[in-house]
Amino acid sequence: MDKIHVLVHTAGVFPSSTEENIKANLVPHYQLTMGLADRLTGGRVLIVTGDPQIIQQLSICEEQETTLQRARWLLTHKALLTLFLSYLLAEKEITVNSFFPGNVTDELPHYSQTLLHTEVPVGKYLALHPDLTQSTGNFFDNDRNLVLLNARQYNYDNAEKHLLQYLTE
């Protein structure tokens, strides 16, 4: 396989500790993307994340003592990772965007097993639509709408400041 056109990061866990959150939900996305960068040239990277209305309201925090803090950390740091990777990979013409898949049936957490939706049209749209070849560092909701995050919080400088401590270990 010479070229990878689309890489979708869907893997993750509901973390029970700070270490698990970092090692399962952040670092692998970064390492895999950077490890495949040469094969992704001209391609797309998509990162599945949480509800945009929630992310818009959250301030970036580094605390992960409670379950709620770990969830907040995860949502904000995946948004930062999108910006960070989009900057690092721009020279290779690799776009990086995040999206919320909506309420889709899956194995975790238990309540989601009762949901009726099994498809993620926004994922297909972001992976294949020709109008998005230049869209990078953006966040989309489950209806394919671009969601603008607070630029004072979500920018490359903040992404670098918050992420390098985890990605360079």
# chains A, B, ... in the order shown; residues from 1 in each chain; ligands from 1
call {"tool": "residues_around", "arguments": {"residues": "range 95-100 of chain A", "least_positions_apart": "3", "cutoff": "8 Å", "atoms": "only C-alpha atoms", "output": "short mmCIF file (atom, residue, chain, number, x, y, z; two decimals) with C-alpha atoms, in the first residue's frame"}}
result
data_model
loop_
_atom_site.label_atom_id
_atom_site.label_comp_id
_atom_site.auth_asym_id
_atom_site.auth_seq_id
_atom_site.Cartn_x
_atom_site.Cartn_y
_atom_site.Cartn_z
CA GLY A 42 -2.49 14.86 -0.09
CA GLY A 43 -4.93 12.87 2.05
CA ARG A 44 -7.27 13.46 4.95
CA VAL A 45 -7.19 12.73 8.67
CA LEU A 46 -10.45 12.70 10.62
CA ILE A 47 -10.73 12.62 14.40
CA VAL A 48 -13.97 11.54 16.04
CA THR A 49 -14.79 13.62 19.09
CA GLY A 50 -17.69 14.84 21.21
CA ASP A 51 -20.67 17.13 21.00
CA PRO A 52 -19.71 20.58 19.64
CA ALA A 79 -9.88 19.66 19.51
CA THR A 82 -6.84 18.63 15.37
CA LEU A 83 -5.33 22.12 15.20
CA LEU A 85 -1.80 18.17 13.42
CA SER A 86 -3.34 20.44 10.78
CA LEU A 89 0.89 18.39 8.20
CA ALA A 90 -0.03 21.41 6.06
CA VAL A 122 -20.79 13.26 8.37
CA GLY A 123 -17.80 10.89 8.36
CA THR A 133 -9.80 19.16 -0.03
CA GLN A 134 -8.54 22.42 1.51
CA SER A 135 -10.55 22.34 4.75
CA THR A 136 -8.22 21.74 7.69
CA GLY A 137 -8.15 22.40 11.40
CA ASN A 138 -11.95 22.47 11.51
CA PHE A 139 -14.67 20.88 13.58
CA PHE A 140 -17.95 19.59 12.17
CA ASP A 141 -21.17 18.54 13.86
CA ASN A 142 -23.21 15.46 12.95
#
call {"tool": "select_by_dssp", "arguments": {"residues": "chain A", "states": "strand (DSSP E or B)", "output": "VMD selection string"}}
result
chain A and resid 6 to 9 44 to 48 95 to 99 104 117 138 to 140 146 to 147
call {"tool": "closest_residue", "arguments": {"among": "A:Val120, A:Gln31, A:Leu88, A:Ala71", "to": "Thr168 in chain A", "atoms": "only C-alpha atoms"}}
result
A:Gln31
call {"tool": "closest_residue", "arguments": {"among": "A:Ala151, A:Ile94, A:Leu163, A:Met34", "to": "His5 in chain A", "atoms": "only C-alpha atoms"}}
result
A:Ile94
call {"tool": "closest_residue", "arguments": {"among": "A:Leu128, A:Leu167, A:Ile4, A:Leu68", "to": "His29 in chain A", "atoms": "only C-alpha atoms"}}
result
A:Leu167
